[in-house]
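K.L.:
upload21.txt is reproduced below (compact mmCIF, C-alpha atoms).
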# COMPACT_ATOMS: atom_id res chain seq x y z
CA MET A 1 19.14 17.90 95.63
CA LYS A 2 18.65 14.61 97.42
CA LEU A 3 21.04 11.68 96.97
CA TYR A 4 19.76 8.20 97.80
CA ASP A 5 22.95 6.67 99.02
CA PHE A 6 24.66 3.85 100.85
CA GLY A 7 28.02 4.49 102.48
CA LEU A 8 29.86 1.32 101.50
CA ALA A 9 28.69 1.06 97.89
CA PRO A 10 31.47 2.07 95.48
CA ASN A 11 29.13 3.77 93.03
CA CYS A 12 27.75 5.89 95.86
CA ARG A 13 31.23 6.84 97.02
CA ARG A 14 32.15 7.84 93.46
CA VAL A 15 29.25 10.34 93.46
CA ARG A 16 29.89 11.69 96.98
CA PHE A 17 33.62 12.12 96.26
CA PHE A 18 32.83 13.87 92.97
CA ALA A 19 30.26 16.22 94.54
CA ALA A 20 32.61 17.08 97.41
CA GLU A 21 35.39 17.99 94.94
CA LYS A 22 32.91 20.40 93.36
CA GLY A 23 31.88 21.84 96.71
CA ILE A 24 28.29 20.70 96.12
CA ASP A 25 26.26 19.80 99.20
CA LEU A 26 23.88 16.91 98.68
CA GLU A 27 21.21 15.88 101.13
CA CYS A 28 22.02 12.20 101.60
CA VAL A 29 19.22 9.74 102.32
CA THR A 30 20.63 6.39 103.43
CA VAL A 31 19.20 3.29 101.79
CA ASP A 32 20.49 0.45 103.96
CA MET A 33 21.76 -2.21 101.59
CA MET A 34 22.87 -4.37 104.53
CA THR A 35 19.18 -5.01 105.27
CA GLN A 36 18.26 -4.97 101.53
CA GLU A 37 16.23 -1.81 102.00
CA GLN A 38 16.78 -1.07 98.31
CA LEU A 39 14.63 -4.10 97.45
CA GLY A 40 11.72 -3.13 99.69
CA ASP A 41 8.38 -1.62 98.69
CA GLY A 42 9.34 1.80 100.03
CA TYR A 43 12.36 2.23 97.79
CA ARG A 44 10.61 0.53 94.87
CA LYS A 45 8.26 3.52 94.78
CA VAL A 46 11.28 5.85 94.67
CA ASN A 47 13.32 3.98 92.04
CA GLU A 48 11.94 0.99 90.19
CA ARG A 49 15.46 -0.01 89.13
CA LEU A 50 16.16 -0.62 92.86
CA THR A 51 19.65 0.85 92.53
CA VAL A 52 21.61 3.38 94.51
CA PRO A 53 22.84 6.03 94.04
CA MET A 54 19.91 8.00 92.72
CA LEU A 55 19.73 11.78 92.57
CA GLU A 56 16.40 13.53 92.97
CA LEU A 57 16.29 17.11 91.77
CA GLU A 58 14.21 19.87 93.36
CA ASP A 59 11.50 19.44 90.71
CA GLY A 60 11.28 15.71 91.36
CA THR A 61 13.31 14.61 88.31
CA LYS A 62 15.22 11.45 89.08
CA LEU A 63 18.62 10.45 87.75
CA THR A 64 20.06 6.98 88.17
CA GLU A 65 23.45 5.64 86.99
CA SER A 66 26.29 7.19 88.93
CA VAL A 67 28.08 8.67 85.92
CA ALA A 68 24.87 10.39 84.77
CA ILE A 69 24.64 11.96 88.21
CA CYS A 70 28.27 13.12 88.05
CA ARG A 71 27.74 14.47 84.56
CA TYR A 72 24.79 16.53 85.81
CA LEU A 73 26.89 17.95 88.64
CA GLU A 74 29.73 18.75 86.19
CA GLU A 75 27.36 20.76 84.01
CA MET A 76 25.79 22.59 86.95
CA GLN A 77 29.16 23.40 88.52
CA PRO A 78 31.85 23.25 85.82
CA GLU A 79 34.76 24.15 88.13
CA PRO A 80 36.99 22.33 88.69
CA PRO A 81 36.46 20.28 85.51
CA LEU A 82 36.55 16.62 86.52
CA PHE A 83 35.57 15.17 83.12
CA GLY A 84 38.56 16.85 81.43
CA SER A 85 39.07 19.97 79.31
CA GLY A 86 39.29 20.30 75.54
CA ALA A 87 38.36 17.62 73.01
CA LEU A 88 41.35 15.38 73.61
CA GLY A 89 41.37 15.96 77.36
CA LYS A 90 37.71 14.98 77.66
CA ALA A 91 38.27 11.92 75.49
CA GLN A 92 41.23 10.82 77.59
CA VAL A 93 39.28 11.15 80.82
CA GLU A 94 36.46 9.13 79.27
CA MET A 95 38.97 6.50 78.14
CA TRP A 96 40.69 6.11 81.50
CA HIS A 97 37.47 6.29 83.47
CA ARG A 98 36.08 3.48 81.33
CA ARG A 99 39.21 1.40 81.67
CA VAL A 100 38.93 1.67 85.45
CA GLU A 101 35.25 0.74 85.26
CA LEU A 102 35.70 -2.20 82.91
CA ASP A 103 38.92 -3.66 84.26
CA GLY A 104 38.60 -2.65 87.89
CA LEU A 105 35.10 -1.89 89.13
CA VAL A 106 33.38 -4.66 87.17
CA ALA A 107 36.08 -7.18 88.14
CA ALA A 108 35.90 -6.34 91.85
CA ALA A 109 32.10 -6.32 91.84
CA GLU A 110 32.01 -9.71 90.10
CA ALA A 111 34.51 -11.11 92.57
CA LEU A 112 32.49 -9.90 95.56
CA ARG A 113 28.92 -10.42 94.44
CA ASN A 114 29.57 -13.95 93.20
CA SER A 115 31.25 -15.11 96.39
CA ALA A 116 29.99 -13.27 99.49
CA ALA A 117 27.15 -14.84 101.47
CA GLY A 118 25.42 -11.48 101.71
CA PHE A 119 24.95 -11.39 97.93
CA ARG A 120 23.40 -14.82 97.61
CA ASP A 121 20.99 -14.68 94.63
CA ARG A 122 21.98 -11.02 94.22
CA ALA A 123 24.93 -11.35 91.85
CA LEU A 124 23.67 -8.27 90.00
CA PRO A 125 21.89 -5.17 91.29
CA GLY A 126 18.37 -4.43 90.11
CA PRO A 127 14.92 -5.99 90.26
CA GLN A 128 15.88 -9.42 88.90
CA ASN A 129 17.50 -12.01 91.15
CA PHE A 130 20.55 -13.77 89.72
CA GLU A 131 22.31 -16.68 91.38
CA GLN A 132 26.00 -16.42 92.12
CA ILE A 133 28.42 -17.90 89.56
CA PRO A 134 31.58 -19.02 91.41
CA ALA A 135 33.61 -19.08 88.17
CA LEU A 136 32.83 -15.42 87.74
CA ALA A 137 34.17 -14.60 91.20
CA GLU A 138 37.36 -16.42 90.34
CA ARG A 139 37.62 -14.62 86.99
CA GLY A 140 37.12 -11.30 88.76
CA GLN A 141 40.15 -12.02 90.92
CA ARG A 142 42.29 -12.76 87.85
CA ARG A 143 41.09 -9.59 86.19
CA LEU A 144 42.09 -7.61 89.28
CA ASP A 145 45.69 -8.77 88.70
CA ALA A 146 45.57 -7.08 85.31
CA PHE A 147 43.88 -4.01 86.77
CA PHE A 148 46.59 -3.45 89.36
CA ALA A 149 49.25 -4.00 86.68
CA MET A 150 47.56 -1.44 84.42
CA LEU A 151 47.44 1.14 87.23
CA GLU A 152 51.14 0.72 88.00
CA THR A 153 52.23 0.94 84.37
CA ARG A 154 50.17 4.04 83.79
CA LEU A 155 51.09 5.81 87.03
CA ALA A 156 54.79 5.22 86.36
CA GLU A 157 54.44 7.50 83.34
CA SER A 158 51.75 9.94 84.46
CA PRO A 159 50.89 11.74 87.71
CA TYR A 160 47.19 11.05 87.26
CA LEU A 161 45.39 8.40 85.25
CA ALA A 162 44.20 10.67 82.45
CA GLY A 163 47.37 12.80 82.37
CA ASP A 164 48.55 15.84 84.28
CA THR A 165 45.22 16.71 85.85
CA PHE A 166 43.14 15.05 88.54
CA SER A 167 39.84 13.73 87.16
CA ILE A 168 36.91 11.40 87.75
CA ALA A 169 39.17 8.58 86.52
CA ASP A 170 41.33 9.06 89.64
CA ILE A 171 38.27 9.33 91.87
CA LEU A 172 36.98 6.00 90.60
CA GLY A 173 40.46 4.48 90.63
CA VAL A 174 40.85 5.11 94.35
CA VAL A 175 37.27 4.03 95.03
CA VAL A 176 37.96 0.72 93.27
CA VAL A 177 41.30 0.14 95.01
CA ASP A 178 39.59 0.63 98.37
CA PHE A 179 36.55 -1.44 97.36
CA ALA A 180 38.83 -4.31 96.30
CA ARG A 181 39.77 -4.78 99.96
CA ALA A 182 36.36 -6.44 100.28
CA VAL A 183 37.76 -9.26 98.14
CA LYS A 184 41.08 -9.22 100.00
CA ARG A 185 43.03 -7.30 97.39
CA ARG A 186 45.55 -4.60 98.23
CA ILE A 187 47.94 -2.55 96.14
CA PRO A 188 50.85 -4.92 95.38
CA GLU A 189 53.87 -4.20 97.58
CA ASP A 190 56.12 -3.35 94.63
CA ALA A 191 53.58 -1.01 93.04
CA THR A 192 55.22 2.15 94.31
CA HIS A 193 53.65 4.49 91.75
CA THR A 194 50.18 3.25 92.56
CA ALA A 195 50.91 3.67 96.27
CA ARG A 196 52.10 7.27 95.75
CA TRP A 197 48.98 8.12 93.73
CA HIS A 198 46.63 6.39 96.15
CA ALA A 199 48.13 8.15 99.17
CA GLU A 200 47.97 11.56 97.51
CA ILE A 201 44.36 11.23 96.42
CA SER A 202 43.22 9.63 99.66
CA ALA A 203 44.51 12.73 101.48
CA ARG A 204 42.12 15.00 99.62
CA PRO A 205 39.29 16.08 101.95
CA ALA A 206 36.69 14.89 99.41
CA ALA A 207 38.03 11.34 99.60
CA SER A 208 36.30 10.86 102.93
CA ALA A 209 32.94 12.24 101.78
CA MET B 1 41.82 10.18 61.43
CA LYS B 2 42.16 6.44 61.16
CA LEU B 3 39.67 4.05 62.74
CA TYR B 4 40.80 0.50 63.41
CA ASP B 5 37.57 -1.27 62.88
CA PHE B 6 35.74 -4.54 62.35
CA GLY B 7 32.40 -4.49 60.56
CA LEU B 8 30.44 -6.92 62.73
CA ALA B 9 31.64 -5.73 66.15
CA PRO B 10 28.91 -3.73 67.91
CA ASN B 11 31.33 -1.26 69.48
CA CYS B 12 32.77 -0.53 66.05
CA ARG B 13 29.33 -0.01 64.58
CA ARG B 14 28.49 2.38 67.41
CA VAL B 15 31.46 4.56 66.42
CA ARG B 16 30.85 4.38 62.66
CA PHE B 17 27.14 5.20 63.11
CA PHE B 18 28.03 8.10 65.41
CA ALA B 19 30.67 9.52 63.03
CA ALA B 20 28.33 9.23 60.06
CA GLU B 21 25.61 11.16 61.91
CA LYS B 22 28.19 13.91 62.39
CA GLY B 23 29.23 13.83 58.74
CA ILE B 24 32.79 12.91 59.79
CA ASP B 25 34.75 10.77 57.36
CA LEU B 26 37.02 8.23 59.02
CA GLU B 27 39.64 6.19 57.22
CA CYS B 28 38.67 2.68 58.30
CA VAL B 29 41.37 0.02 58.67
CA THR B 30 39.83 -3.40 59.00
CA VAL B 31 41.15 -5.64 61.77
CA ASP B 32 39.72 -9.06 60.91
CA MET B 33 38.39 -10.47 64.16
CA MET B 34 37.17 -13.60 62.34
CA THR B 35 40.81 -14.63 61.95
CA GLN B 36 41.78 -13.12 65.35
CA GLU B 37 43.92 -10.49 63.66
CA GLN B 38 43.42 -8.30 66.75
CA LEU B 39 45.47 -10.80 68.76
CA GLY B 40 48.40 -10.93 66.33
CA ASP B 41 51.79 -9.26 66.66
CA GLY B 42 50.97 -6.66 64.03
CA TYR B 43 47.98 -5.25 65.88
CA ARG B 44 49.69 -5.66 69.26
CA LYS B 45 52.14 -2.98 68.14
CA VAL B 46 49.22 -0.70 67.27
CA ASN B 47 47.14 -1.27 70.42
CA GLU B 48 48.42 -3.29 73.34
CA ARG B 49 44.89 -3.63 74.69
CA LEU B 50 44.13 -5.68 71.54
CA THR B 51 40.71 -4.09 71.22
CA VAL B 52 38.82 -2.52 68.36
CA PRO B 53 37.69 0.13 67.70
CA MET B 54 40.72 2.36 68.13
CA LEU B 55 41.02 5.88 66.74
CA GLU B 56 44.42 7.19 65.69
CA LEU B 57 44.67 10.95 65.31
CA GLU B 58 46.83 12.75 62.76
CA ASP B 59 49.55 13.31 65.38
CA GLY B 60 49.62 9.63 66.31
CA THR B 61 47.59 9.96 69.52
CA LYS B 62 45.53 6.83 70.08
CA LEU B 63 42.13 6.58 71.68
CA THR B 64 40.56 3.30 72.70
CA GLU B 65 37.14 2.68 74.28
CA SER B 66 34.34 3.41 71.86
CA VAL B 67 32.64 6.04 73.99
CA ALA B 68 35.91 7.95 74.38
CA ILE B 69 36.17 8.01 70.58
CA CYS B 70 32.60 9.25 70.23
CA ARG B 71 33.19 11.89 72.88
CA TYR B 72 36.21 13.16 70.93
CA LEU B 73 34.15 13.39 67.76
CA GLU B 74 31.36 15.20 69.64
CA GLU B 75 33.82 17.83 70.84
CA MET B 76 35.44 18.26 67.42
CA GLN B 77 32.10 18.47 65.64
CA PRO B 78 29.42 19.55 68.14
CA GLU B 79 26.53 19.53 65.66
CA PRO B 80 24.22 17.71 65.86
CA PRO B 81 24.70 17.12 69.59
CA LEU B 82 24.45 13.37 70.17
CA PHE B 83 25.40 13.40 73.87
CA GLY B 84 22.49 15.74 74.68
CA SER B 85 22.11 19.46 75.36
CA GLY B 86 21.95 21.30 78.67
CA ALA B 87 22.79 19.84 82.07
CA LEU B 88 19.71 17.68 82.42
CA GLY B 89 19.69 16.69 78.76
CA LYS B 90 23.30 15.53 78.90
CA ALA B 91 22.66 13.63 82.13
CA GLN B 92 19.62 11.89 80.64
CA VAL B 93 21.57 10.80 77.56
CA GLU B 94 24.32 9.48 79.82
CA MET B 95 21.74 7.63 81.91
CA TRP B 96 19.97 5.97 78.97
CA HIS B 97 23.17 5.21 77.12
CA ARG B 98 24.48 3.47 80.24
CA ARG B 99 21.26 1.54 80.75
CA VAL B 100 21.52 0.25 77.19
CA GLU B 101 25.17 -0.67 77.77
CA LEU B 102 24.63 -2.38 81.11
CA ASP B 103 21.33 -4.13 80.45
CA GLY B 104 21.68 -4.69 76.70
CA LEU B 105 25.20 -4.64 75.31
CA VAL B 106 26.81 -6.44 78.24
CA ALA B 107 24.02 -9.02 78.36
CA ALA B 108 24.20 -9.77 74.62
CA ALA B 109 28.00 -9.90 74.65
CA GLU B 110 27.98 -12.28 77.62
CA ALA B 111 25.40 -14.48 75.92
CA LEU B 112 27.44 -14.66 72.71
CA ARG B 113 31.00 -14.82 73.96
CA ASN B 114 30.22 -17.50 76.55
CA SER B 115 28.49 -19.81 74.09
CA ALA B 116 29.79 -19.42 70.51
CA ALA B 117 32.56 -21.76 69.36
CA GLY B 118 34.40 -18.84 67.78
CA PHE B 119 34.89 -17.26 71.21
CA ARG B 120 36.31 -20.33 72.90
CA ASP B 121 38.75 -19.06 75.60
CA ARG B 122 37.91 -15.52 74.46
CA ALA B 123 34.98 -14.78 76.76
CA LEU B 124 36.36 -11.25 77.19
CA PRO B 125 38.25 -8.99 74.78
CA GLY B 126 41.80 -7.97 75.59
CA PRO B 127 45.19 -9.60 76.09
CA GLN B 128 44.13 -12.15 78.73
CA ASN B 129 42.37 -15.35 77.72
CA PHE B 130 39.29 -16.27 79.71
CA GLU B 131 37.40 -19.52 79.37
CA GLN B 132 33.71 -19.45 78.56
CA ILE B 133 31.27 -19.68 81.47
CA PRO B 134 28.06 -21.35 80.22
CA ALA B 135 26.05 -20.01 83.18
CA LEU B 136 26.97 -16.51 82.09
CA ALA B 137 25.64 -17.13 78.58
CA GLU B 138 22.37 -18.32 80.06
CA ARG B 139 22.24 -15.31 82.40
CA GLY B 140 22.82 -13.01 79.45
CA GLN B 141 19.75 -14.43 77.74
CA ARG B 142 17.62 -13.78 80.82
CA ARG B 143 18.94 -10.25 81.06
CA LEU B 144 17.98 -9.65 77.44
CA ASP B 145 14.36 -10.35 78.39
CA ALA B 146 14.58 -7.44 80.81
CA PHE B 147 16.36 -5.29 78.25
CA PHE B 148 13.65 -5.73 75.63
CA ALA B 149 11.01 -5.04 78.28
CA MET B 150 12.81 -1.86 79.32
CA LEU B 151 12.99 -0.64 75.72
CA GLU B 152 9.28 -1.20 75.15
CA THR B 153 8.22 0.51 78.37
CA ARG B 154 10.41 3.51 77.65
CA LEU B 155 9.52 3.84 73.97
CA ALA B 156 5.81 3.70 74.79
CA GLU B 157 6.26 7.00 76.63
CA SER B 158 9.04 8.68 74.64
CA PRO B 159 9.93 8.96 70.94
CA TYR B 160 13.62 8.39 71.67
CA LEU B 161 15.33 6.72 74.59
CA ALA B 162 16.61 9.88 76.23
CA GLY B 163 13.56 11.98 75.43
CA ASP B 164 12.45 14.02 72.44
CA THR B 165 15.79 14.06 70.67
CA PHE B 166 17.79 11.37 68.90
CA SER B 167 21.05 10.60 70.72
CA ILE B 168 23.89 8.13 71.15
CA ALA B 169 21.54 6.15 73.40
CA ASP B 170 19.37 5.39 70.34
CA ILE B 171 22.42 4.61 68.24
CA LEU B 172 23.59 2.04 70.74
CA GLY B 173 20.06 0.77 71.30
CA VAL B 174 19.66 -0.15 67.64
CA VAL B 175 23.20 -1.55 67.50
CA VAL B 176 22.39 -3.83 70.45
CA VAL B 177 19.02 -4.94 69.06
CA ASP B 178 20.72 -5.92 65.80
CA PHE B 179 23.68 -7.52 67.58
CA ALA B 180 21.31 -9.62 69.71
CA ARG B 181 20.33 -11.50 66.55
CA ALA B 182 23.69 -13.27 66.96
CA VAL B 183 22.18 -14.93 70.04
CA LYS B 184 18.85 -15.51 68.30
CA ARG B 185 16.99 -12.64 69.88
CA ARG B 186 14.57 -10.41 68.02
CA ILE B 187 12.27 -7.60 69.06
CA PRO B 188 9.29 -9.36 70.70
CA GLU B 189 6.29 -9.48 68.37
CA ASP B 190 4.09 -7.43 70.70
CA ALA B 191 6.74 -4.73 71.22
CA THR B 192 5.19 -2.30 68.78
CA HIS B 193 6.86 0.81 70.17
CA THR B 194 10.28 -0.78 69.95
CA ALA B 195 9.55 -1.88 66.39
CA ARG B 196 8.50 1.66 65.40
CA TRP B 197 11.65 3.16 66.92
CA HIS B 198 13.93 0.49 65.43
CA ALA B 199 12.47 0.93 61.93
CA GLU B 200 12.76 4.71 62.09
CA ILE B 201 16.35 4.73 63.24
CA SER B 202 17.42 1.91 60.93
CA ALA B 203 16.22 4.04 58.00
CA ARG B 204 18.73 6.79 58.79
CA PRO B 205 21.58 6.72 56.27
CA ALA B 206 24.17 6.57 59.07
CA ALA B 207 22.67 3.31 60.34
CA SER B 208 24.38 1.44 57.51
CA ALA B 209 27.78 3.04 58.04
Translate this structure into structure tokens?

P.N.:
Amino acid sequence: MKLYDFGLAPNCRRVRFFAAEKGIDLECVTVDMMTQEQLGDGYRKVNERLTVPMLELEDGTKLTESVAICRYLEEMQPEPPLFGSGALGKAQVEMWHRRVELDGLVAAAEALRNSAAGFRDRALPGPQNFEQIPALAERGQRRLDAFFAMLETRLAESPYLAGDTFSIADILGVVVVDFARAVKRRIPEDATHTARWHAEISARPAASA
Amino acid sequence: MKLYDFGLAPNCRRVRFFAAEKGIDLECVTVDMMTQEQLGDGYRKVNERLTVPMLELEDGTKLTESVAICRYLEEMQPEPPLFGSGALGKAQVEMWHRRVELDGLVAAAEALRNSAAGFRDRALPGPQNFEQIPALAERGQRRLDAFFAMLETRLAESPYLAGDTFSIADILGVVVVDFARAVKRRIPEDATHTARWHAEISARPAASA
């Protein structure tokens, strides 16, 4: 299986981290977003959505959307379960994973893509160009306040985001916390539970995949 | 099981439609978003995220995030499978469901919530107030062009969004197409494949749940 990938992109790191936790080796093909390689004719022939990550299976089938890729890997290699176990466990992973996406990943991406010079006219990924909206960058920063508060409240009561077991919600949580450094955000100094969780998960070998 | 629900909200309709396809009866408790009941003290005690839908289980466990609720129902009542079957099938449903969310639901919600008087200072759901950003409403409209184009291209080659089988991607697709009427968008007149698909799915009894 071939993963079209870019090291710094949070959605790519989510997939690499997830695959490494499963012990799945992926052949990574770098698409250099720093030089906008994902918008060039070469990659357009590979993926007309112009997004990374993309997984290409042995038979040529292509999967985009990072969670779809993770879901495929979960089904191919169920152990350890990273989308939860049992009806309620799976629902709680879905819930926490989505909260991290909505409140954290989207907020950080909006803050970065609507402010950084490198994303001029590229406020959203994909084939359409969209101009930056400065108010959206500012809103993203305010939403990150709420995201860090949510993490701390939750991690004061639970070892992992979705409960007692490590899951994709924690993978994405750490990816977002690290990604938020690009918009000058760090774990608040008094957020000791978040710091404990972040340190523990960052020490997992898969975190550096 | 009790569903805190509001008839017109697309995320609520996604859950009701999904449950009805499964033949699952939910006790619906209306939270009147027209009068901002979801922001009042009563509902704050029920769900501090101030969002609908929310599912409350018999034992009092609460699930927010509409897809987490659907995932719980899928696990409790696996037939018919609406999140796909097999590794690739499940991944393809996840991929198309996410494309409809990202390109359609988010775009329509941004177009509506950043323009309608009723959403003044409520550009996002949840406990924080956010002012409307007119540029985001306008961007949402442009993204809906791409969404309708994506639907037509896909449905010209496939009976359902994720392939040969009806899934949650189709449920959300129809929910978004209908929701987009709130921002004056209809299926383009020349989008015959989309019209065929929309008519077929709208005729399912669960579509009016």

K.L.:
With distances taken over all atoms listed in the file, which of B:Lys45, B:Arg16, B:Lys62, B:Lys2 is nearest to chain A?

P.N.:
B:Lys62

K.L.:
So that I can see what lies close to Ala182 (chain A), please list as a PyMOL selection string the residues with an atom at most 10 Å from it, counting all atoms listed in the file and leaving out residues fewer than 5 positions away in the same chain.

P.N.:
chain A and resi 108-109+111-112+116+177

K.L.:
Please provide as number ranges by chain all residues within 9 Å of region 84-97 of chain B, with the sequence filter that same-chain residues fewer than 5 positions apart are discarded (counting only C-alpha atoms).

P.N.:
A: 63-76; B: 102, 161-163, 165-173

K.L.:
Please indicate the distance in Å from CA of Met33 (chain B) to CA of Phe179 (chain B), rounded to one decimal place.

P.N.:
15.4 Å

K.L.:
Just give me the residues with any atom within 9 Å of (20.0, 11.5, 104.1), file coordinates, counting only C-alpha atoms, written as a list in words.

P.N.:
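Protein, DNA and RNA residues close to (20.0, 11.5, 104.1): Lys2, Leu3, Tyr4, Asp5, Leu26, Glu27, Cys28, Val29, Thr30 and Val31 of chain A.
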
K.L.:
Would you work out the distance separating CA of Met34 (chain A) from CA of Ile187 (chain A), expressed in Å to one decimal?

P.N.:
26.5 Å

K.L.:
When distances are computed from all atoms listed in the file, which of B:Glu21, B:Asp41, B:Glu138, B:Asp178 shows the smallest separation from Leu8 (chain B)?

P.N.:
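The answer is B:Asp178, which sits nearest to Leu8 (chain B).
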
K.L.:
Go through A:Arg49, A:Ala149, A:Arg185, A:Pro80 and flag the residue nearest Leu124 (chain A), using all atoms listed in the file for the distances.

P.N.:
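Of the candidates, the smallest distance to Leu124 (chain A) is held by A:Arg49.
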